[in-house]
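Asker: I am attaching a structure below and will ask some questions about it afterwards.
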Amino acid sequence: MRSKFISVVAMLGALAAGTAFAGEFKPAVVYDVGSKFDKSFNEGVWNGVQKFSAETGVKVAEFQITNETQREQAMRRLVERGATMVIAVGFSQADALDAVAADYPDRQFAIIDVSWLDRPNLRQYVFKEHEGSYLVGIAAALASKTGKVGFVGGMDIPLIRKFHCGYLQGAKAANADIEVFQAMTGTTPAAWNDPTRASELAKGQMDRGADVVYHAAGRSGIGVIQAAADAGKLAIGVDSNQNGLAPGSVLTSMLKRVDVATYQTLKDGLAGTFSAGILSLGLAEGGVDWAQDEHNAGLLTDVLKAAVEKAKADIIAGSIAVHDYMSDSNC
Amino acid sequence: MPELWIDVLTVLDGTARLAAPLIFCAMAGLVSERSGIVDIGLEGKLLAGAFAAAAVATLTGSPWAGLAAALAASVMLALVHGFACITHRGEQIVSGVAVNILALGMTVVVANALFRHGGHTPALGAGERFSPIALPFAESLREVPLLGPLYAELVSGHNLLVYAAFLSVLLVWWLGWRTRFGLRLRAAGELPEAVDSAGVSVSALRYRGILIAGLLCGLAGAYLSIAHGAGFVREMSAGKGFLALAALIFGRWRPLPVLFACLLFGLLDTVAPRLQGMELPLIGPAPVALVSVLPYAMTVVLLAGFFGRAVPPGALGRPFVKEH
């Protein structure tokens, strides 16, 4: 009697799972450490999710990682609960997502900031951050009065060096004599979540004369912006538009349109046009950009705007090639 | 030369900023441990204080209300610790660890419930924090050679709580070594039986010690989130409570040496990130990780008895049982 009952339940369960998969599009997002309201990278993804849900009415399940060991477990649980697509945010989820994607070949997976995996059901997004960083490098050099600018990165990894390298090239292009200071908040994932340290680093650079500091440090970058605002200097935001965090103290933000990538993936999934492979989004594809809005309108001179827009057009046209640190691990 | 002098001053300036929370916490630990109660819960009280300060400052817009909340939150955890290990004579280390875990979890849960920012509080505006204070004549004296920059860079321009941190050392020294209460407090940590036979309540003394520790940790927490920083971030205490404990041992439970230990650790913390990417003569790329680990390494070496000896208060960690 009991075993019969269990088998009926199991059958019903299987049936439910089957129909869920065949009929419905059930997407899920796994955010990286730093939480989805980091006013930066994860929040960009969340904005894409919001836009998609508002337009289509499809609900997106989500999971916020709070420690390293949860990743794979969280993804498996989402899939087992019927998610047909899992989007993972951030390179540190690569191994976990790869393992889960291999075990569930009939589900769709996407990951942002990863380009080295290879699965027939996995889409990978990379951004040409060096191109966007080049633009804000020009802006920094032109806005600096001291001829010294700074860069505060998060975890010391090739991806963040790529930001720095693009920034350096842009700054040098605008002012060959410029001095660019560089520092990283740490070497572990905790570096994304340490605004105190980031603000000390920014203060250190400003003490040495920097008057514009660009950060690529996730949530830690809030500390950089705050330090710049406290000292009456300028900061440059990253990933999401951070101009509004301290209006008048944020020169611009290097936009990394993870929201576009997320939205695109969700739309494709819904329309049944999901494809695997590596997608690289740069200036030409609208994947990176620099931010202009009412918060920084007073900071951008016409000369600065013209110079940045010209560089943008040149990069899109191909007449300026910005070197990518990750191509040869050298800047 | 003036260039180098300015570099030295900015490093010392950073040292004062980074040492301030350590000083508060180490002084808290000093008072508590001198009364005989091991205070491994410094970290938890610091974190709870930081969260309460940021949350209340966000909600009310007043840094003073935030400061009051930080003191209250930290004192409450101190009382939990006291209730467990003074009133009920529980194991002090276990109770301290419990305080840490409680603070770690509670702050994030409450932050999520209140603000829905993933365990953070919203960034605070200018009027909601303790801003740097420019001391009188700082700008006009800046031009005076050597001493002008010293005054303008190093002495002036900190927020209120940095000055409070240095004052707290003086206060703890005066309280502990120049008052009758201090003598009794230290006796409760060395030989509680003697205090008891003199007709003074050991429990009351230890509770007072723990209360003072709670207040000092609250100040440290407020410093982290509404003075030095601008908002609470999960786990923002980042081991500072434990580092303060190390400084306490390194300074052998005496106010002035403990202050120097805190300043030394603060200096290392300031120098480490500034060394990043620099090429040092003879050594090559600066060993940043090595500099960061020095405070802990030095404390271990000290505890192992390689230079000097760290002798804790005699009755530290021993619950007092009144004999009949």
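By convention in this document, the chains of the structure tokens carry letters A, B, ... by their order, each chain's residues are numbered from 1, and ligands are numbered from 1 in the order they are shown.
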Could you please tell me, as a ChimeraX atom specification, which residues of chain B have an atom within 9 Å of chain A when using only C-alpha atoms?

Answerer: /B:6-7,10-11,14,18,116-120,123,125-126,131-132,224,228-230,233-236,238,270,273-274,276-277

Asker: Write the selection just made, keeping C-alpha atoms, as a JSON list (two decimals), in the first residue's frame?

Answerer:
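The resulting result33.json:
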[["chain", "number", "residue", "atom", "x", "y", "z"],
["B", 6, "ILE", "CA", 54.64, 64.86, 3.68],
["B", 7, "ASP", "CA", 54.77, 61.16, 2.72],
["B", 10, "THR", "CA", 50.21, 60.92, 5.31],
["B", 11, "VAL", "CA", 51.24, 57.42, 6.35],
["B", 14, "GLY", "CA", 46.41, 56.78, 7.81],
["B", 18, "LEU", "CA", 43.19, 52.59, 10.98],
["B", 116, "ARG", "CA", 16.53, 45.04, 1.53],
["B", 117, "HIS", "CA", 20.03, 45.85, 0.40],
["B", 118, "GLY", "CA", 21.49, 42.39, 0.68],
["B", 119, "GLY", "CA", 22.81, 42.82, 4.22],
["B", 120, "HIS", "CA", 24.11, 46.35, 3.73],
["B", 123, "ALA", "CA", 25.22, 54.84, 1.96],
["B", 125, "GLY", "CA", 25.06, 61.36, 3.36],
["B", 126, "ALA", "CA", 27.35, 64.08, 4.66],
["B", 131, "SER", "CA", 32.95, 64.28, 9.35],
["B", 132, "PRO", "CA", 36.58, 65.29, 9.67],
["B", 224, "LEU", "CA", 33.66, 51.94, 11.41],
["B", 228, "HIS", "CA", 35.48, 56.30, 8.82],
["B", 229, "GLY", "CA", 33.01, 54.53, 6.54],
["B", 230, "ALA", "CA", 29.61, 55.63, 5.31],
["B", 233, "VAL", "CA", 28.63, 46.30, 5.07],
["B", 234, "ARG", "CA", 28.29, 42.68, 6.14],
["B", 235, "GLU", "CA", 31.25, 41.44, 8.15],
["B", 236, "MET", "CA", 32.77, 44.90, 8.01],
["B", 238, "ALA", "CA", 36.91, 42.08, 9.22],
["B", 270, "THR", "CA", 48.48, 51.54, 6.29],
["B", 273, "PRO", "CA", 48.42, 48.67, 0.53],
["B", 274, "ARG", "CA", 50.70, 51.61, -0.22],
["B", 276, "GLN", "CA", 51.54, 47.41, -3.55],
["B", 277, "GLY", "CA", 53.25, 47.31, -6.89]]

Asker: Got a sec to tell me which of region 132-201 of chain A DSSP assigns to strand (DSSP E or B), as number ranges by chain?

Answerer: A: 148-155, 179-186

Asker: Can you list, as a PyMOL selection string, every residue of region 25-176 of chain B that DSSP puts in alpha helix (DSSP H)?

Answerer: chain B and resi 25-34+42-60+63-82+92-115+138-141+147-149+160-176

Asker: With distances taken over only C-alpha atoms, which residue among A:Val30, A:Val58, A:Val212, A:Ala74 lies nearest Leu266 (chain A)?

Answerer: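 For Leu266 (chain A), the nearest of the given residues is A:Val58.
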
Asker: Have a look at CA of Ala101 (chain A) and CA of Ala83 (chain A) and let me know their distance in Å, one decimal.

Answerer: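 According to the coordinates, CA of Ala101 (chain A) and CA of Ala83 (chain A) are separated by 12.3 Å.
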
Asker: Contacts of Val308 (chain A) at 9 Å or less, counting only C-alpha atoms, minus same-chain residues fewer than 2 places along, as a VMD selection string?

Answerer: chain A and resid 135 to 136 138 to 139 290 303 to 306 310 to 313

Asker: Which residues, written as a ChimeraX atom specification, have at least one atom at most 9 Å from Leu170 (chain B), with only C-alpha atoms counted and residues fewer than 4 positions away on the same chain left out?

Answerer: /B:166,174-175,255-256

Asker: Neighbouring residues of Leu243 (chain B) were defined as those with any atom within 8 Å, considering only C-alpha atoms; residues of the same chain fewer than 5 positions away were excluded. Please report them as a PyMOL selection string.

Answerer: chain B and resi 22+295-296

Asker: Please provide as a list of chain:residue names all residues within 8 Å of Phe320 (chain B), with the sequence filter that same-chain residues fewer than 6 positions apart are discarded (counting only C-alpha atoms).

Answerer: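 Final neighbour list, sorted by chain and number: B:Ile86, B:Arg89, B:Pro192, B:Val202, B:Ser203.
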